file protein-v6.cif (mmCIF, N, CA and C atoms)
data_work
#
loop_
_atom_site.label_atom_id
_atom_site.label_comp_id
_atom_site.auth_asym_id
_atom_site.auth_seq_id
_atom_site.Cartn_x
_atom_site.Cartn_y
_atom_site.Cartn_z
N MET Z 1 0.85 22.12 16.61
CA MET Z 1 1.50 22.02 15.31
C MET Z 1 2.63 23.05 15.26
N ILE Z 2 3.76 22.66 14.79
CA ILE Z 2 4.89 23.56 14.66
C ILE Z 2 4.85 24.16 13.27
N GLY Z 3 5.07 25.48 13.18
CA GLY Z 3 5.05 26.15 11.88
C GLY Z 3 3.65 26.64 11.55
N PRO Z 4 3.54 27.34 10.44
CA PRO Z 4 2.26 27.92 10.06
C PRO Z 4 1.28 26.86 9.58
N PRO Z 5 -0.03 27.09 9.77
CA PRO Z 5 -1.01 26.15 9.24
C PRO Z 5 -0.86 26.06 7.73
N ARG Z 6 -1.17 24.92 7.16
CA ARG Z 6 -0.99 24.73 5.72
C ARG Z 6 -1.78 25.73 4.89
N GLU Z 7 -2.97 26.13 5.37
CA GLU Z 7 -3.79 27.06 4.57
C GLU Z 7 -3.10 28.42 4.39
N ARG Z 8 -2.23 28.78 5.30
CA ARG Z 8 -1.65 30.12 5.26
C ARG Z 8 -0.24 30.12 4.70
N LEU Z 9 0.12 29.10 3.96
CA LEU Z 9 1.45 29.08 3.38
C LEU Z 9 1.53 30.06 2.22
N ASN Z 10 2.64 30.73 2.12
CA ASN Z 10 2.87 31.63 0.99
C ASN Z 10 4.33 31.51 0.59
N SER Z 11 4.75 32.32 -0.35
CA SER Z 11 6.11 32.19 -0.88
C SER Z 11 7.18 32.37 0.18
N SER Z 12 6.88 33.04 1.28
CA SER Z 12 7.89 33.25 2.31
C SER Z 12 8.08 32.01 3.19
N ASN Z 13 7.17 31.06 3.13
CA ASN Z 13 7.35 29.88 3.97
C ASN Z 13 7.19 28.58 3.17
N TRP Z 14 7.62 28.56 1.94
CA TRP Z 14 7.56 27.37 1.10
C TRP Z 14 8.41 26.25 1.67
N GLY Z 15 9.46 26.59 2.39
CA GLY Z 15 10.32 25.57 2.98
C GLY Z 15 9.52 24.64 3.87
N TYR Z 16 8.58 25.20 4.62
CA TYR Z 16 7.73 24.40 5.48
C TYR Z 16 6.87 23.46 4.65
N LEU Z 17 6.33 23.97 3.56
CA LEU Z 17 5.50 23.15 2.66
C LEU Z 17 6.32 22.02 2.08
N ASP Z 18 7.54 22.32 1.64
CA ASP Z 18 8.41 21.28 1.09
C ASP Z 18 8.71 20.21 2.14
N MET Z 19 8.97 20.65 3.36
CA MET Z 19 9.27 19.70 4.43
C MET Z 19 8.04 18.83 4.73
N ALA Z 20 6.86 19.44 4.78
CA ALA Z 20 5.64 18.68 5.03
C ALA Z 20 5.39 17.68 3.91
N ARG Z 21 5.64 18.10 2.67
CA ARG Z 21 5.47 17.17 1.54
C ARG Z 21 6.46 16.02 1.62
N ASP Z 22 7.71 16.34 2.01
CA ASP Z 22 8.72 15.29 2.15
C ASP Z 22 8.31 14.28 3.22
N PHE Z 23 7.80 14.78 4.35
CA PHE Z 23 7.34 13.89 5.41
C PHE Z 23 6.16 13.06 4.93
N ASP Z 24 5.22 13.69 4.24
CA ASP Z 24 4.06 12.96 3.73
C ASP Z 24 4.50 11.85 2.77
N LYS Z 25 5.41 12.19 1.87
CA LYS Z 25 5.90 11.21 0.89
C LYS Z 25 6.62 10.07 1.60
N THR Z 26 7.47 10.41 2.54
CA THR Z 26 8.22 9.40 3.29
C THR Z 26 7.28 8.45 4.01
N TRP Z 27 6.29 9.01 4.71
CA TRP Z 27 5.35 8.16 5.45
C TRP Z 27 4.46 7.36 4.52
N ARG Z 28 4.03 7.95 3.42
CA ARG Z 28 3.20 7.22 2.46
C ARG Z 28 3.97 6.01 1.94
N GLU Z 29 5.23 6.21 1.54
CA GLU Z 29 6.04 5.11 1.04
C GLU Z 29 6.27 4.05 2.11
N ARG Z 30 6.55 4.48 3.33
CA ARG Z 30 6.78 3.52 4.41
C ARG Z 30 5.54 2.69 4.69
N LEU Z 31 4.39 3.35 4.76
CA LEU Z 31 3.14 2.64 5.07
C LEU Z 31 2.72 1.71 3.94
N VAL Z 32 2.89 2.15 2.70
CA VAL Z 32 2.55 1.29 1.57
C VAL Z 32 3.45 0.06 1.56
N LYS Z 33 4.74 0.26 1.71
CA LYS Z 33 5.65 -0.88 1.66
C LYS Z 33 5.47 -1.81 2.86
N ALA Z 34 5.15 -1.26 4.02
CA ALA Z 34 4.92 -2.09 5.21
C ALA Z 34 3.63 -2.91 5.09
N ASN Z 35 2.68 -2.41 4.32
CA ASN Z 35 1.39 -3.08 4.18
C ASN Z 35 1.15 -3.58 2.76
N LEU Z 36 2.21 -3.78 2.03
CA LEU Z 36 2.09 -4.11 0.62
C LEU Z 36 1.33 -5.42 0.39
N ASP Z 37 1.54 -6.39 1.25
CA ASP Z 37 0.80 -7.64 1.08
C ASP Z 37 -0.71 -7.41 1.19
N LEU Z 38 -1.13 -6.61 2.15
CA LEU Z 38 -2.57 -6.32 2.29
C LEU Z 38 -3.09 -5.51 1.12
N ILE Z 39 -2.30 -4.58 0.63
CA ILE Z 39 -2.71 -3.75 -0.51
C ILE Z 39 -2.89 -4.63 -1.75
N ILE Z 40 -1.94 -5.53 -1.98
CA ILE Z 40 -2.03 -6.42 -3.13
C ILE Z 40 -3.26 -7.32 -3.01
N LEU Z 41 -3.46 -7.89 -1.83
CA LEU Z 41 -4.62 -8.76 -1.64
C LEU Z 41 -5.92 -8.00 -1.83
N ARG Z 42 -5.97 -6.77 -1.37
CA ARG Z 42 -7.17 -5.94 -1.55
C ARG Z 42 -7.44 -5.69 -3.03
N LEU Z 43 -6.38 -5.40 -3.78
CA LEU Z 43 -6.53 -5.20 -5.23
C LEU Z 43 -7.03 -6.48 -5.91
N LEU Z 44 -6.47 -7.61 -5.50
CA LEU Z 44 -6.85 -8.88 -6.12
C LEU Z 44 -8.24 -9.34 -5.69
N ARG Z 45 -8.71 -8.82 -4.59
CA ARG Z 45 -10.06 -9.18 -4.15
C ARG Z 45 -11.11 -8.67 -5.13
N SER Z 46 -10.83 -7.54 -5.77
CA SER Z 46 -11.80 -6.97 -6.72
C SER Z 46 -11.75 -7.68 -8.06
N LYS Z 47 -10.55 -8.13 -8.49
CA LYS Z 47 -10.43 -8.86 -9.76
C LYS Z 47 -9.01 -9.39 -9.90
N PRO Z 48 -8.83 -10.46 -10.68
CA PRO Z 48 -7.48 -10.96 -10.95
C PRO Z 48 -6.69 -9.91 -11.74
N ARG Z 49 -5.40 -9.86 -11.50
CA ARG Z 49 -4.54 -8.88 -12.17
C ARG Z 49 -3.16 -9.49 -12.43
N TRP Z 50 -2.45 -8.91 -13.36
CA TRP Z 50 -1.07 -9.30 -13.58
C TRP Z 50 -0.17 -8.30 -12.88
N GLY Z 51 1.10 -8.65 -12.71
CA GLY Z 51 2.02 -7.85 -11.91
C GLY Z 51 2.09 -6.38 -12.29
N TYR Z 52 2.24 -6.11 -13.58
CA TYR Z 52 2.32 -4.72 -14.03
C TYR Z 52 1.05 -3.96 -13.67
N GLU Z 53 -0.08 -4.59 -13.82
CA GLU Z 53 -1.37 -3.94 -13.49
C GLU Z 53 -1.46 -3.65 -11.99
N ILE Z 54 -0.95 -4.55 -11.17
CA ILE Z 54 -0.92 -4.31 -9.72
C ILE Z 54 -0.03 -3.11 -9.43
N ASN Z 55 1.15 -3.08 -10.04
CA ASN Z 55 2.09 -1.99 -9.83
C ASN Z 55 1.47 -0.64 -10.23
N MET Z 56 0.81 -0.60 -11.38
CA MET Z 56 0.21 0.65 -11.85
C MET Z 56 -0.96 1.09 -10.95
N ALA Z 57 -1.73 0.14 -10.44
CA ALA Z 57 -2.84 0.48 -9.54
C ALA Z 57 -2.30 1.10 -8.25
N ILE Z 58 -1.22 0.54 -7.73
CA ILE Z 58 -0.60 1.08 -6.51
C ILE Z 58 -0.02 2.46 -6.79
N ARG Z 59 0.62 2.59 -7.92
CA ARG Z 59 1.22 3.88 -8.29
C ARG Z 59 0.15 4.97 -8.42
N GLU Z 60 -0.95 4.64 -9.08
CA GLU Z 60 -2.03 5.63 -9.27
C GLU Z 60 -2.72 5.97 -7.95
N ARG Z 61 -3.01 4.98 -7.15
CA ARG Z 61 -3.77 5.21 -5.92
C ARG Z 61 -2.92 5.83 -4.82
N PHE Z 62 -1.69 5.35 -4.65
CA PHE Z 62 -0.87 5.78 -3.51
C PHE Z 62 0.29 6.69 -3.90
N ARG Z 63 0.51 6.89 -5.19
CA ARG Z 63 1.62 7.70 -5.68
C ARG Z 63 2.97 7.16 -5.17
N VAL Z 64 3.07 5.83 -5.19
CA VAL Z 64 4.30 5.15 -4.79
C VAL Z 64 4.70 4.22 -5.93
N TYR Z 65 5.94 4.33 -6.38
CA TYR Z 65 6.44 3.47 -7.44
C TYR Z 65 7.17 2.30 -6.80
N LEU Z 66 6.82 1.10 -7.22
CA LEU Z 66 7.47 -0.10 -6.74
C LEU Z 66 8.36 -0.68 -7.83
N SER Z 67 9.57 -1.01 -7.48
CA SER Z 67 10.45 -1.66 -8.45
C SER Z 67 10.03 -3.11 -8.59
N ALA Z 68 10.44 -3.73 -9.68
CA ALA Z 68 10.17 -5.15 -9.89
C ALA Z 68 10.79 -5.97 -8.76
N GLY Z 69 11.91 -5.51 -8.24
CA GLY Z 69 12.59 -6.20 -7.15
C GLY Z 69 11.85 -6.13 -5.83
N THR Z 70 10.89 -5.23 -5.72
CA THR Z 70 10.04 -5.15 -4.53
C THR Z 70 8.76 -5.95 -4.75
N LEU Z 71 8.12 -5.75 -5.89
CA LEU Z 71 6.81 -6.34 -6.13
C LEU Z 71 6.85 -7.84 -6.39
N TYR Z 72 7.67 -8.29 -7.31
CA TYR Z 72 7.61 -9.70 -7.73
C TYR Z 72 8.04 -10.70 -6.67
N PRO Z 73 9.07 -10.41 -5.87
CA PRO Z 73 9.36 -11.36 -4.77
C PRO Z 73 8.18 -11.49 -3.79
N LEU Z 74 7.46 -10.40 -3.55
CA LEU Z 74 6.31 -10.47 -2.66
C LEU Z 74 5.18 -11.27 -3.30
N LEU Z 75 4.95 -11.08 -4.60
CA LEU Z 75 3.94 -11.89 -5.29
C LEU Z 75 4.29 -13.38 -5.19
N HIS Z 76 5.56 -13.71 -5.37
CA HIS Z 76 5.99 -15.12 -5.28
C HIS Z 76 5.80 -15.64 -3.87
N SER Z 77 6.10 -14.82 -2.87
CA SER Z 77 5.93 -15.21 -1.47
C SER Z 77 4.45 -15.43 -1.15
N LEU Z 78 3.58 -14.53 -1.62
CA LEU Z 78 2.14 -14.69 -1.40
C LEU Z 78 1.63 -15.95 -2.08
N GLU Z 79 2.20 -16.26 -3.24
CA GLU Z 79 1.81 -17.48 -3.95
C GLU Z 79 2.32 -18.72 -3.21
N ASP Z 80 3.56 -18.68 -2.75
CA ASP Z 80 4.13 -19.81 -2.01
C ASP Z 80 3.35 -20.09 -0.72
N SER Z 81 2.82 -19.04 -0.10
CA SER Z 81 2.07 -19.21 1.15
C SER Z 81 0.61 -19.56 0.91
N GLY Z 82 0.20 -19.62 -0.35
CA GLY Z 82 -1.17 -20.01 -0.67
C GLY Z 82 -2.19 -18.89 -0.58
N ARG Z 83 -1.72 -17.64 -0.47
CA ARG Z 83 -2.66 -16.51 -0.35
C ARG Z 83 -3.13 -16.00 -1.71
N ILE Z 84 -2.32 -16.25 -2.73
CA ILE Z 84 -2.73 -15.95 -4.11
C ILE Z 84 -2.32 -17.13 -4.98
N GLU Z 85 -2.92 -17.21 -6.15
CA GLU Z 85 -2.45 -18.18 -7.12
C GLU Z 85 -2.31 -17.49 -8.45
N GLY Z 86 -1.31 -17.93 -9.18
CA GLY Z 86 -1.03 -17.33 -10.48
C GLY Z 86 -1.11 -18.37 -11.58
N VAL Z 87 -1.62 -17.94 -12.71
CA VAL Z 87 -1.66 -18.81 -13.88
C VAL Z 87 -1.09 -18.04 -15.06
N TRP Z 88 -0.35 -18.76 -15.91
CA TRP Z 88 0.23 -18.13 -17.09
C TRP Z 88 -0.85 -17.97 -18.14
N GLU Z 89 -0.89 -16.80 -18.71
CA GLU Z 89 -1.84 -16.49 -19.77
C GLU Z 89 -1.05 -15.89 -20.92
N SER Z 90 -1.43 -16.25 -22.11
CA SER Z 90 -0.73 -15.74 -23.28
C SER Z 90 -1.66 -14.80 -24.03
N GLU Z 91 -1.17 -13.59 -24.25
CA GLU Z 91 -1.95 -12.60 -24.99
C GLU Z 91 -1.06 -12.05 -26.10
N LYS Z 92 -1.50 -12.21 -27.32
CA LYS Z 92 -0.73 -11.72 -28.48
C LYS Z 92 0.69 -12.28 -28.47
N GLY Z 93 0.80 -13.57 -28.13
CA GLY Z 93 2.10 -14.22 -28.15
C GLY Z 93 2.99 -13.90 -26.97
N ARG Z 94 2.53 -13.05 -26.08
CA ARG Z 94 3.34 -12.65 -24.93
C ARG Z 94 2.71 -13.24 -23.66
N GLY Z 95 3.49 -13.98 -22.90
CA GLY Z 95 2.97 -14.59 -21.69
C GLY Z 95 3.06 -13.66 -20.49
N ARG Z 96 2.08 -13.78 -19.63
CA ARG Z 96 2.12 -13.04 -18.36
C ARG Z 96 1.37 -13.85 -17.31
N ARG Z 97 1.73 -13.63 -16.09
CA ARG Z 97 1.14 -14.37 -14.98
C ARG Z 97 0.01 -13.54 -14.39
N ILE Z 98 -1.17 -14.13 -14.35
CA ILE Z 98 -2.35 -13.47 -13.79
C ILE Z 98 -2.55 -14.02 -12.38
N TYR Z 99 -2.66 -13.11 -11.41
CA TYR Z 99 -2.80 -13.51 -10.01
C TYR Z 99 -4.23 -13.29 -9.54
N GLN Z 100 -4.69 -14.23 -8.69
CA GLN Z 100 -6.00 -14.06 -8.05
C GLN Z 100 -5.88 -14.46 -6.59
N ILE Z 101 -6.72 -13.88 -5.77
CA ILE Z 101 -6.69 -14.16 -4.34
C ILE Z 101 -7.34 -15.51 -4.07
N THR Z 102 -6.85 -16.21 -3.07
CA THR Z 102 -7.42 -17.49 -2.65
C THR Z 102 -8.26 -17.28 -1.39
N GLN Z 103 -8.93 -18.32 -0.95
CA GLN Z 103 -9.71 -18.24 0.29
C GLN Z 103 -8.79 -17.91 1.47
N SER Z 104 -7.62 -18.52 1.50
CA SER Z 104 -6.65 -18.22 2.55
C SER Z 104 -6.25 -16.75 2.50
N GLY Z 105 -6.09 -16.21 1.29
CA GLY Z 105 -5.75 -14.80 1.12
C GLY Z 105 -6.86 -13.89 1.61
N ILE Z 106 -8.10 -14.26 1.34
CA ILE Z 106 -9.25 -13.47 1.81
C ILE Z 106 -9.27 -13.45 3.34
N GLU Z 107 -9.03 -14.59 3.96
CA GLU Z 107 -9.02 -14.66 5.43
C GLU Z 107 -7.86 -13.86 6.01
N PHE Z 108 -6.69 -13.96 5.39
CA PHE Z 108 -5.52 -13.19 5.83
C PHE Z 108 -5.78 -11.70 5.69
N LEU Z 109 -6.38 -11.30 4.57
CA LEU Z 109 -6.71 -9.90 4.33
C LEU Z 109 -7.69 -9.39 5.38
N SER Z 110 -8.72 -10.16 5.67
CA SER Z 110 -9.70 -9.75 6.68
C SER Z 110 -9.05 -9.53 8.04
N ALA Z 111 -8.17 -10.46 8.43
CA ALA Z 111 -7.47 -10.32 9.71
C ALA Z 111 -6.57 -9.08 9.69
N GLY Z 112 -5.87 -8.87 8.59
CA GLY Z 112 -4.99 -7.70 8.48
C GLY Z 112 -5.76 -6.39 8.54
N GLU Z 113 -6.92 -6.35 7.90
CA GLU Z 113 -7.75 -5.14 7.94
C GLU Z 113 -8.27 -4.88 9.35
N ARG Z 114 -8.67 -5.95 10.06
CA ARG Z 114 -9.13 -5.79 11.44
C ARG Z 114 -8.02 -5.25 12.33
N MET Z 115 -6.82 -5.82 12.19
CA MET Z 115 -5.71 -5.40 13.04
C MET Z 115 -5.24 -3.98 12.69
N THR Z 116 -5.30 -3.61 11.42
CA THR Z 116 -4.95 -2.25 11.01
C THR Z 116 -5.92 -1.25 11.61
N ALA Z 117 -7.21 -1.57 11.55
CA ALA Z 117 -8.23 -0.68 12.14
C ALA Z 117 -8.02 -0.57 13.65
N GLU Z 118 -7.68 -1.69 14.29
CA GLU Z 118 -7.44 -1.67 15.73
C GLU Z 118 -6.22 -0.81 16.07
N LEU Z 119 -5.17 -0.94 15.27
CA LEU Z 119 -3.97 -0.13 15.49
C LEU Z 119 -4.28 1.36 15.37
N VAL Z 120 -5.03 1.74 14.34
CA VAL Z 120 -5.39 3.15 14.15
C VAL Z 120 -6.20 3.64 15.35
N LYS Z 121 -7.14 2.83 15.78
CA LYS Z 121 -7.97 3.20 16.93
C LYS Z 121 -7.11 3.38 18.19
N LEU Z 122 -6.18 2.46 18.42
CA LEU Z 122 -5.30 2.57 19.58
C LEU Z 122 -4.42 3.81 19.50
N MET Z 123 -3.93 4.12 18.31
CA MET Z 123 -3.10 5.32 18.16
C MET Z 123 -3.92 6.58 18.41
N GLN Z 124 -5.16 6.61 17.93
CA GLN Z 124 -6.00 7.78 18.17
C GLN Z 124 -6.31 7.92 19.65
N THR Z 125 -6.49 6.83 20.35
CA THR Z 125 -6.72 6.86 21.78
C THR Z 125 -5.50 7.40 22.50
N MET Z 126 -4.32 7.04 22.05
CA MET Z 126 -3.09 7.55 22.66
C MET Z 126 -3.02 9.06 22.53
N GLN Z 127 -3.44 9.61 21.39
CA GLN Z 127 -3.39 11.06 21.20
C GLN Z 127 -4.31 11.74 22.21
N VAL Z 128 -5.46 11.17 22.46
CA VAL Z 128 -6.42 11.76 23.39
C VAL Z 128 -5.90 11.67 24.82
N ASP Z 129 -5.28 10.54 25.15
CA ASP Z 129 -4.81 10.31 26.51
C ASP Z 129 -3.43 10.92 26.80
N ALA Z 130 -2.75 11.37 25.77
CA ALA Z 130 -1.39 11.88 25.93
C ALA Z 130 -1.40 13.12 26.82
N THR Z 131 -0.43 13.18 27.73
CA THR Z 131 -0.29 14.36 28.57
C THR Z 131 0.90 15.17 28.11
N PRO Z 132 0.81 16.49 28.17
CA PRO Z 132 1.91 17.34 27.72
C PRO Z 132 3.15 17.23 28.56
#
call {"tool": "encode", "arguments": {"input": "protein-v6.cif", "output": "C-alpha coordinates"}}
result
Amino acid sequence: MIGPPRERLNSSNWGYLDMARDFDKTWRERLVKANLDLIILRLLRSKPRWGYEINMAIRERFRVYLSAGTLYPLLHSLEDSGRIEGVWESEKGRGRRIYQITQSGIEFLSAGERMTAELVKLMQTMQVDATP
(Lines of atoms letter the chains of each structure in order from A and count residues from 1; the text may use other names and numbers.)
(Lines give C-alpha, C1' and ligand atoms only; values in the text may rest on other atoms or scores of the structure.)
Protein backbone atom coordinates (compact mmCIF):
# COMPACT_ATOMS: atom_id res chain seq x y z
CA MET A 1 0.00 0.00 0.00
CA ILE A 2 1.33 3.43 -0.88
CA GLY A 3 0.98 6.10 1.80
CA PRO A 4 0.09 5.77 5.45
CA PRO A 5 -2.44 3.18 6.64
CA ARG A 6 -5.92 4.66 6.98
CA GLU A 7 -5.96 4.16 10.77
CA ARG A 8 -2.99 6.47 11.21
CA LEU A 9 -4.27 9.42 9.23
CA ASN A 10 -4.05 12.78 10.93
CA SER A 11 -4.28 16.42 9.94
CA SER A 12 -0.84 16.30 8.33
CA ASN A 13 -1.89 13.69 5.79
CA TRP A 14 -5.54 14.54 5.03
CA GLY A 15 -4.62 14.80 1.36
CA TYR A 16 -4.17 11.05 1.29
CA LEU A 17 -7.57 10.56 2.92
CA ASP A 18 -9.20 12.87 0.38
CA MET A 19 -7.55 11.00 -2.47
CA ALA A 20 -8.64 7.63 -1.06
CA ARG A 21 -12.20 8.92 -0.67
CA ASP A 22 -12.16 10.25 -4.25
CA PHE A 23 -10.99 6.85 -5.53
CA ASP A 24 -13.62 5.06 -3.43
CA LYS A 25 -16.36 7.36 -4.73
CA THR A 26 -15.19 7.01 -8.32
CA TRP A 27 -15.09 3.22 -8.13
CA ARG A 28 -18.41 3.00 -6.28
CA GLU A 29 -20.10 5.09 -8.99
CA ARG A 30 -18.45 3.11 -11.79
CA LEU A 31 -19.42 -0.25 -10.30
CA VAL A 32 -22.99 0.80 -9.54
CA LYS A 33 -23.54 2.20 -13.02
CA ALA A 34 -21.89 -0.81 -14.68
CA ASN A 35 -24.13 -3.18 -12.71
CA LEU A 36 -27.22 -1.02 -12.53
CA ASP A 37 -29.44 -3.56 -14.26
CA LEU A 38 -28.54 -6.21 -11.67
CA ILE A 39 -29.00 -3.75 -8.81
CA ILE A 40 -32.45 -2.77 -10.07
CA LEU A 41 -33.48 -6.39 -10.55
CA ARG A 42 -32.23 -7.24 -7.05
CA LEU A 43 -34.31 -4.40 -5.59
CA LEU A 44 -37.38 -5.51 -7.53
CA ARG A 45 -36.91 -9.09 -6.43
CA SER A 46 -37.81 -8.07 -2.87
CA LYS A 47 -40.90 -6.04 -3.89
CA PRO A 48 -42.39 -4.00 -6.74
CA ARG A 49 -41.24 -0.37 -6.76
CA TRP A 50 -41.70 2.80 -8.73
CA GLY A 51 -38.79 4.66 -10.34
CA TYR A 52 -38.28 7.27 -7.64
CA GLU A 53 -38.30 4.55 -4.96
CA ILE A 54 -35.66 2.59 -6.90
CA ASN A 55 -33.53 5.73 -7.21
CA MET A 56 -33.79 6.49 -3.48
CA ALA A 57 -32.95 2.89 -2.51
CA ILE A 58 -29.81 3.03 -4.66
CA ARG A 59 -28.88 6.42 -3.27
CA GLU A 60 -29.29 5.26 0.34
CA ARG A 61 -27.52 1.93 -0.07
CA PHE A 62 -24.69 2.89 -2.44
CA ARG A 63 -24.45 6.66 -1.92
CA VAL A 64 -24.76 7.16 -5.69
CA TYR A 65 -27.25 9.60 -7.20
CA LEU A 66 -28.75 8.61 -10.52
CA SER A 67 -30.26 11.17 -12.83
CA ALA A 68 -33.61 10.47 -14.47
CA GLY A 69 -31.67 10.28 -17.75
CA THR A 70 -29.72 7.33 -16.39
CA LEU A 71 -32.43 5.43 -14.53
CA TYR A 72 -35.54 5.66 -16.71
CA PRO A 73 -34.00 4.63 -20.05
CA LEU A 74 -32.64 1.53 -18.29
CA LEU A 75 -36.04 0.76 -16.76
CA HIS A 76 -37.59 1.04 -20.24
CA SER A 77 -34.87 -1.21 -21.69
CA LEU A 78 -35.41 -3.82 -18.95
CA GLU A 79 -39.13 -3.66 -19.66
CA ASP A 80 -38.63 -3.95 -23.44
CA SER A 81 -36.43 -7.02 -22.90
CA GLY A 82 -39.06 -8.65 -20.69
CA ARG A 83 -36.98 -8.61 -17.50
CA ILE A 84 -39.39 -6.31 -15.68
CA GLU A 85 -42.95 -5.23 -16.24
CA GLY A 86 -44.52 -1.95 -15.33
CA VAL A 87 -48.10 -1.03 -14.65
CA TRP A 88 -49.56 2.43 -14.21
CA GLU A 89 -50.98 3.07 -10.78
CA SER A 90 -52.80 6.16 -9.68
CA GLU A 91 -52.37 7.43 -6.15
CA LYS A 92 -54.06 10.64 -5.04
CA GLY A 93 -54.72 11.58 -8.65
CA ARG A 94 -51.06 11.24 -9.58
CA GLY A 95 -50.01 8.39 -11.86
CA ARG A 96 -46.79 6.46 -11.51
CA ARG A 97 -45.40 3.31 -13.04
CA ILE A 98 -44.81 0.42 -10.65
CA TYR A 99 -42.18 -2.08 -11.80
CA GLN A 100 -41.87 -5.73 -10.85
CA ILE A 101 -39.39 -8.40 -11.86
CA THR A 102 -40.45 -11.14 -14.27
CA GLN A 103 -39.32 -14.77 -14.41
CA SER A 104 -36.91 -13.82 -17.19
CA GLY A 105 -35.56 -11.06 -14.93
CA ILE A 106 -35.07 -13.51 -12.06
CA GLU A 107 -33.12 -15.85 -14.35
CA PHE A 108 -31.04 -12.97 -15.74
CA LEU A 109 -30.33 -11.75 -12.20
CA SER A 110 -29.24 -15.22 -11.07
CA ALA A 111 -26.84 -15.52 -14.01
CA GLY A 112 -25.48 -12.03 -13.36
CA GLU A 113 -24.92 -12.77 -9.67
CA ARG A 114 -23.10 -16.03 -10.53
CA MET A 115 -20.85 -14.28 -13.05
CA THR A 116 -20.15 -11.39 -10.66
CA ALA A 117 -19.13 -13.84 -7.93
CA GLU A 118 -16.93 -15.69 -10.43
CA LEU A 119 -15.28 -12.43 -11.51
CA VAL A 120 -14.53 -11.47 -7.90
CA LYS A 121 -13.08 -14.93 -7.25
CA LEU A 122 -10.90 -14.72 -10.37
CA MET A 123 -9.65 -11.27 -9.39
CA GLN A 124 -8.80 -12.47 -5.88
CA THR A 125 -6.90 -15.40 -7.38
CA MET A 126 -4.94 -12.99 -9.56
CA GLN A 127 -3.85 -11.06 -6.47
CA VAL A 128 -2.54 -14.25 -4.87
CA ASP A 129 -0.78 -15.40 -8.04
CA ALA A 130 0.63 -11.98 -8.94
CA THR A 131 4.41 -11.75 -8.96
CA PRO A 132 6.21 -8.53 -8.04
call {"tool": "resolve_selection", "arguments": {"input": "protein-v6.cif", "expression": "the PyMOL selection byres ((chain Z and resi 93-102) around 5)", "output": "list in words"}}
result
Leu44, Pro48, Arg49, Trp50, Arg83, Ile84, Glu85, Gly86, Val87, Trp88, Glu89, Ser90, Glu91, Lys92, Gln103, Ser104, Gly105 and Ile106 of chain Z
call {"tool": "closest_residue", "arguments": {"input": "protein-v6.cif", "among": "Z:Gly112, Z:Asn55, Z:Phe23, Z:Asp80", "to": "Asn35 of chain Z", "atoms": "only C-alpha atoms"}}
result
Z:Gly112
call {"tool": "atom_distance", "arguments": {"input": "protein-v6.cif", "atom1": "atom CA of Pro73 of chain Z", "atom2": "atom CA of Asp22 of chain Z"}}
result
27.5 Å
call {"tool": "select_by_dssp", "arguments": {"input": "protein-v6.cif", "residues": "segment 15-101 of chain Z", "states": "strand (DSSP E)", "output": "MDAnalysis selection string"}}
result
chainID Z and resid 49:50 84:91 94:101
call {"tool": "select_by_dssp", "arguments": {"input": "protein-v6.cif", "residues": "chain Z", "states": "alpha helix (DSSP H)", "output": "PyMOL selection string"}}
result
chain Z and resi 14-34+36-46+51-62+68-80+103-129
call {"tool": "atom_distance", "arguments": {"input": "protein-v6.cif", "atom1": "atom CA of Val120 of chain Z", "atom2": "atom C of Ile39 of chain Z"}}
result
17.9 Å
call {"tool": "atom_distance", "arguments": {"input": "protein-v6.cif", "atom1": "atom C of Ile54 of chain Z", "atom2": "atom CA of Leu66 of chain Z"}}
result
8.5 Å
call {"tool": "decode", "arguments": {"input": "protein-v6.cif", "residues": "segment 98-120 of chain Z", "atoms": "N, CA and C atoms", "output": "tab-separated table (two decimals), in the first residue's frame"}}
result
chain	number	residue	atom	x	y	z
Z	98	ILE	N	-45.36	1.35	-11.64
Z	98	ILE	CA	-44.81	0.42	-10.65
Z	98	ILE	C	-44.18	-0.74	-11.42
Z	99	TYR	N	-42.92	-1.02	-11.10
Z	99	TYR	CA	-42.18	-2.08	-11.80
Z	99	TYR	C	-42.04	-3.31	-10.91
Z	100	GLN	N	-42.13	-4.48	-11.57
Z	100	GLN	CA	-41.87	-5.73	-10.85
Z	100	GLN	C	-41.03	-6.63	-11.75
Z	101	ILE	N	-40.26	-7.49	-11.13
Z	101	ILE	CA	-39.39	-8.40	-11.86
Z	101	ILE	C	-40.21	-9.53	-12.46
Z	102	THR	N	-39.80	-10.01	-13.62
Z	102	THR	CA	-40.45	-11.14	-14.27
Z	102	THR	C	-39.59	-12.39	-14.06
Z	103	GLN	N	-40.09	-13.53	-14.51
Z	103	GLN	CA	-39.32	-14.77	-14.41
Z	103	GLN	C	-38.03	-14.65	-15.21
Z	104	SER	N	-38.11	-14.04	-16.38
Z	104	SER	CA	-36.91	-13.82	-17.19
Z	104	SER	C	-35.91	-12.94	-16.43
Z	105	GLY	N	-36.42	-11.93	-15.73
Z	105	GLY	CA	-35.56	-11.06	-14.93
Z	105	GLY	C	-34.90	-11.80	-13.79
Z	106	ILE	N	-35.64	-12.70	-13.15
Z	106	ILE	CA	-35.07	-13.51	-12.06
Z	106	ILE	C	-33.94	-14.39	-12.59
Z	107	GLU	N	-34.15	-14.99	-13.75
Z	107	GLU	CA	-33.12	-15.85	-14.35
Z	107	GLU	C	-31.90	-15.03	-14.77
Z	108	PHE	N	-32.13	-13.86	-15.35
Z	108	PHE	CA	-31.04	-12.97	-15.74
Z	108	PHE	C	-30.26	-12.52	-14.52
Z	109	LEU	N	-30.97	-12.17	-13.45
Z	109	LEU	CA	-30.33	-11.75	-12.20
Z	109	LEU	C	-29.48	-12.87	-11.63
Z	110	SER	N	-30.00	-14.08	-11.60
Z	110	SER	CA	-29.24	-15.22	-11.07
Z	110	SER	C	-27.95	-15.43	-11.85
Z	111	ALA	N	-28.04	-15.36	-13.18
Z	111	ALA	CA	-26.84	-15.52	-14.01
Z	111	ALA	C	-25.85	-14.39	-13.74
Z	112	GLY	N	-26.35	-13.18	-13.63
Z	112	GLY	CA	-25.48	-12.03	-13.36
Z	112	GLY	C	-24.79	-12.13	-12.01
Z	113	GLU	N	-25.52	-12.60	-11.00
Z	113	GLU	CA	-24.92	-12.77	-9.67
Z	113	GLU	C	-23.84	-13.86	-9.70
Z	114	ARG	N	-24.11	-14.96	-10.42
Z	114	ARG	CA	-23.10	-16.03	-10.53
Z	114	ARG	C	-21.84	-15.51	-11.21
Z	115	MET	N	-22.01	-14.77	-12.31
Z	115	MET	CA	-20.85	-14.28	-13.05
Z	115	MET	C	-20.09	-13.22	-12.26
Z	116	THR	N	-20.80	-12.39	-11.50
Z	116	THR	CA	-20.15	-11.39	-10.66
Z	116	THR	C	-19.31	-12.07	-9.59
Z	117	ALA	N	-19.88	-13.09	-8.95
Z	117	ALA	CA	-19.13	-13.84	-7.93
Z	117	ALA	C	-17.90	-14.51	-8.54
Z	118	GLU	N	-18.06	-15.05	-9.75
Z	118	GLU	CA	-16.93	-15.69	-10.43
Z	118	GLU	C	-15.84	-14.67	-10.75
Z	119	LEU	N	-16.25	-13.49	-11.21
Z	119	LEU	CA	-15.28	-12.43	-11.51
Z	119	LEU	C	-14.50	-12.03	-10.27
Z	120	VAL	N	-15.20	-11.84	-9.15
Z	120	VAL	CA	-14.53	-11.47	-7.90
Z	120	VAL	C	-13.54	-12.56	-7.50
